[in-house]
Amino acid sequence: MANMRTTANFQVLRSAVIAASDANKWKKALLEWDVTSLEEHPSSDGVCVCGQTGLLWMYTITNEVNGAELYPIGSSCVNHFGRTDLNRRVDVLHKLALVQATANAGKRVEMTTEYFSRAALKFLFEEGVFTPDSYNGHDGENDLEFLLKMFGKRDKSTINSKQSYKLRKLVENKIIPFVLADPRIV
């Protein structure tokens, strides 16, 4: 089996990234990029900038130095950047895309690993989703801490009716409206 770094696809990815970067070396160029959006290609016939076919999830990466964009790029290619922060962003956007699709289908979004992760909840907090109100003591971080605590419960049957109600309201009234309006998830 060939090492990805020696395959034609990797060389195409590497060339595209360097060409769109200010830096002219791979290791420096890859530090200029961030994952900025996600689009689902329902027929799974998206084609990555590296040439890989059959993409369902197509990401846009944006150069934070010069504003250049590369699209579409698959999650496997983002993984080749070797950056934990980019891999986490891919995972978060993917989870939120699933929240969006489920909400658009009129189905209930549950606080499960299918839709959420600790990183996704922290991302939502950082984006200002948990606005201060009388229910969180006028501190959105209280919502984050509550959600992390509920998310971390191994035995979900220990979540009482009051906690379950609060979970549902946070998902329905704060998370879903944000995700449906987020232009990064198409």
# chains A, B, ... in the order shown; residues from 1 in each chain; ligands from 1

call {"tool": "residues_around", "arguments": {"residues": "Leu96 (chain A)", "least_positions_apart": "4", "cutoff": "10 Å", "atoms": "only C-alpha atoms", "output": "list in words"}}
result
Leu38, Asp91, Val92, Gln100, Ala101, Thr102, Glu114, Tyr115, Phe116, Ser117, Ala120, Leu121, Leu124, Ile175, Ile176, Phe178, Val179, Leu180, Asp182, Arg184 and Ile185 of chain A

call {"tool": "select_by_dssp", "arguments": {"residues": "chain A", "states": "strand (DSSP E)", "output": "list in words"}}
result
Trp33, Asp34, Val35, Thr36, Ser37, Leu38, Glu39, Glu40, Trp57, Met58, Tyr59, Thr60, Ile61, Thr62, Asn63, Glu69, Leu70, Tyr71, Pro72 and Ile73 of chain A

call {"tool": "atom_distance", "arguments": {"atom1": "CA of Ser164 (chain A)", "atom2": "CA of Ser134 (chain A)"}}
result
18.0 Å

call {"tool": "residues_around", "arguments": {"residues": "Leu31 (chain A)", "least_positions_apart": "3", "cutoff": "10 Å", "atoms": "only C-alpha atoms", "output": "JSON, numbers by chain"}}
result
{"A": [21, 23, 26, 27, 28, 34, 63, 64, 65, 81, 82, 83]}

call {"tool": "write_last_selection", "arguments": {"atoms": "N, CA, C and O atoms", "output": "PDB file, in the first residue's frame"}}
result
ATOM      1  N   SER A  21      -1.131  29.612  -1.080  1.00  0.00           N
ATOM      2  CA  SER A  21      -0.592  30.100   0.188  1.00  0.00           C
ATOM      3  C   SER A  21       0.453  31.176  -0.049  1.00  0.00           C
ATOM      4  O   SER A  21       1.024  31.285  -1.131  1.00  0.00           O
ATOM      5  N   ALA A  23       3.182  31.148   1.976  1.00  0.00           N
ATOM      6  CA  ALA A  23       4.377  30.337   2.189  1.00  0.00           C
ATOM      7  C   ALA A  23       4.582  29.432   0.979  1.00  0.00           C
ATOM      8  O   ALA A  23       3.629  29.023   0.326  1.00  0.00           O
ATOM      9  N   TRP A  26       5.403  23.309   2.177  1.00  0.00           N
ATOM     10  CA  TRP A  26       4.226  22.613   2.702  1.00  0.00           C
ATOM     11  C   TRP A  26       4.032  22.849   4.195  1.00  0.00           C
ATOM     12  O   TRP A  26       2.957  23.231   4.636  1.00  0.00           O
ATOM     13  N   LYS A  27       5.067  22.623   4.990  1.00  0.00           N
ATOM     14  CA  LYS A  27       4.921  22.702   6.444  1.00  0.00           C
ATOM     15  C   LYS A  27       4.529  24.096   6.917  1.00  0.00           C
ATOM     16  O   LYS A  27       3.808  24.237   7.900  1.00  0.00           O
ATOM     17  N   LYS A  28       4.971  25.117   6.228  1.00  0.00           N
ATOM     18  CA  LYS A  28       4.570  26.479   6.604  1.00  0.00           C
ATOM     19  C   LYS A  28       3.223  26.839   5.991  1.00  0.00           C
ATOM     20  O   LYS A  28       2.413  27.505   6.624  1.00  0.00           O
ATOM     21  N   ASP A  34      -7.711  27.409   7.507  1.00  0.00           N
ATOM     22  CA  ASP A  34      -8.765  27.043   8.454  1.00  0.00           C
ATOM     23  C   ASP A  34      -9.929  26.447   7.664  1.00  0.00           C
ATOM     24  O   ASP A  34     -10.153  26.809   6.503  1.00  0.00           O
ATOM     25  N   ASN A  63      -7.559  30.445   3.462  1.00  0.00           N
ATOM     26  CA  ASN A  63      -6.251  30.889   3.908  1.00  0.00           C
ATOM     27  C   ASN A  63      -6.432  32.150   4.744  1.00  0.00           C
ATOM     28  O   ASN A  63      -6.962  33.152   4.257  1.00  0.00           O
ATOM     29  N   GLU A  64      -6.010  32.087   6.002  1.00  0.00           N
ATOM     30  CA  GLU A  64      -6.189  33.205   6.925  1.00  0.00           C
ATOM     31  C   GLU A  64      -5.215  34.347   6.673  1.00  0.00           C
ATOM     32  O   GLU A  64      -5.388  35.435   7.200  1.00  0.00           O
ATOM     33  N   VAL A  65      -4.209  34.122   5.839  1.00  0.00           N
ATOM     34  CA  VAL A  65      -3.219  35.152   5.532  1.00  0.00           C
ATOM     35  C   VAL A  65      -3.644  35.980   4.321  1.00  0.00           C
ATOM     36  O   VAL A  65      -3.608  37.204   4.341  1.00  0.00           O
ATOM     37  N   PHE A  81      -3.265  17.673   6.755  1.00  0.00           N
ATOM     38  CA  PHE A  81      -2.615  18.872   7.266  1.00  0.00           C
ATOM     39  C   PHE A  81      -1.956  18.575   8.617  1.00  0.00           C
ATOM     40  O   PHE A  81      -1.105  19.317   9.071  1.00  0.00           O
ATOM     41  N   GLY A  82      -2.400  17.486   9.262  1.00  0.00           N
ATOM     42  CA  GLY A  82      -1.803  17.087  10.526  1.00  0.00           C
ATOM     43  C   GLY A  82      -2.078  18.041  11.661  1.00  0.00           C
ATOM     44  O   GLY A  82      -1.308  18.121  12.616  1.00  0.00           O
ATOM     45  N   ARG A  83      -3.185  18.756  11.577  1.00  0.00           N
ATOM     46  CA  ARG A  83      -3.520  19.755  12.604  1.00  0.00           C
ATOM     47  C   ARG A  83      -4.781  19.321  13.342  1.00  0.00           C
ATOM     48  O   ARG A  83      -5.855  19.204  12.745  1.00  0.00           O
TER      49      ARG A  83
END

call {"tool": "residues_around", "arguments": {"residues": "Cys50 (chain A)", "least_positions_apart": "6", "cutoff": "10 Å", "atoms": "only C-alpha atoms", "output": "list in words"}}
result
Ala8, Asn9, Phe10, Gln11, Val12, Leu13, Arg14, Ser15, Ala16, Val17, Pro72, Ile73, Gly74 and Cys77 of chain A

call {"tool": "write_last_selection", "arguments": {"atoms": "N, CA, C and O atoms", "output": "short mmCIF file (atom, residue, chain, number, x, y, z; two decimals), in the first residue's frame"}}
result
data_model
loop_
_atom_site.label_atom_id
_atom_site.label_comp_id
_atom_site.auth_asym_id
_atom_site.auth_seq_id
_atom_site.Cartn_x
_atom_site.Cartn_y
_atom_site.Cartn_z
N ALA A 8 -0.27 10.39 -6.12
CA ALA A 8 -0.56 11.52 -7.01
C ALA A 8 -1.57 12.45 -6.36
O ALA A 8 -1.45 13.68 -6.47
N ASN A 9 -2.58 11.91 -5.66
CA ASN A 9 -3.59 12.75 -5.01
C ASN A 9 -2.96 13.69 -3.99
O ASN A 9 -3.30 14.86 -3.93
N PHE A 10 -2.04 13.16 -3.19
CA PHE A 10 -1.39 14.01 -2.19
C PHE A 10 -0.56 15.09 -2.87
O PHE A 10 -0.56 16.25 -2.44
N GLN A 11 0.13 14.74 -3.93
CA GLN A 11 0.95 15.73 -4.63
C GLN A 11 0.09 16.84 -5.23
O GLN A 11 0.46 18.01 -5.21
N VAL A 12 -1.10 16.49 -5.72
CA VAL A 12 -2.03 17.49 -6.25
C VAL A 12 -2.52 18.39 -5.11
O VAL A 12 -2.56 19.62 -5.25
N LEU A 13 -2.90 17.79 -3.99
CA LEU A 13 -3.32 18.57 -2.81
C LEU A 13 -2.20 19.50 -2.38
O LEU A 13 -2.42 20.70 -2.19
N ARG A 14 -1.02 18.96 -2.23
CA ARG A 14 0.15 19.75 -1.79
C ARG A 14 0.39 20.93 -2.72
O ARG A 14 0.58 22.06 -2.27
N SER A 15 0.36 20.69 -4.01
CA SER A 15 0.58 21.75 -4.99
C SER A 15 -0.51 22.82 -4.91
O SER A 15 -0.21 24.02 -4.97
N ALA A 16 -1.77 22.40 -4.77
CA ALA A 16 -2.87 23.36 -4.69
C ALA A 16 -2.76 24.22 -3.43
O ALA A 16 -2.98 25.44 -3.49
N VAL A 17 -2.41 23.61 -2.31
CA VAL A 17 -2.27 24.35 -1.05
C VAL A 17 -1.12 25.34 -1.13
O VAL A 17 -1.27 26.52 -0.78
N PRO A 72 -13.87 22.04 -3.64
CA PRO A 72 -14.15 21.26 -2.43
C PRO A 72 -12.93 20.47 -2.00
O PRO A 72 -12.08 20.11 -2.81
N ILE A 73 -12.87 20.25 -0.73
CA ILE A 73 -11.80 19.44 -0.16
C ILE A 73 -12.43 18.43 0.78
O ILE A 73 -13.34 18.77 1.55
N GLY A 74 -12.02 17.19 0.69
CA GLY A 74 -12.57 16.13 1.54
C GLY A 74 -11.91 16.11 2.91
O GLY A 74 -10.81 16.64 3.09
N CYS A 77 -8.33 14.80 3.10
CA CYS A 77 -7.28 15.75 2.74
C CYS A 77 -7.03 16.74 3.88
O CYS A 77 -5.89 17.11 4.13
#

call {"tool": "closest_residue", "arguments": {"among": "A:Tyr165, A:Ser75, A:Phe146, A:Arg108", "to": "Val47 (chain A)", "atoms": "only C-alpha atoms"}}
result
A:Ser75

call {"tool": "closest_residue", "arguments": {"among": "A:Asp155, A:Glu110, A:Glu39, A:Asp85", "to": "Leu170 (chain A)", "atoms": "only C-alpha atoms"}}
result
A:Glu110
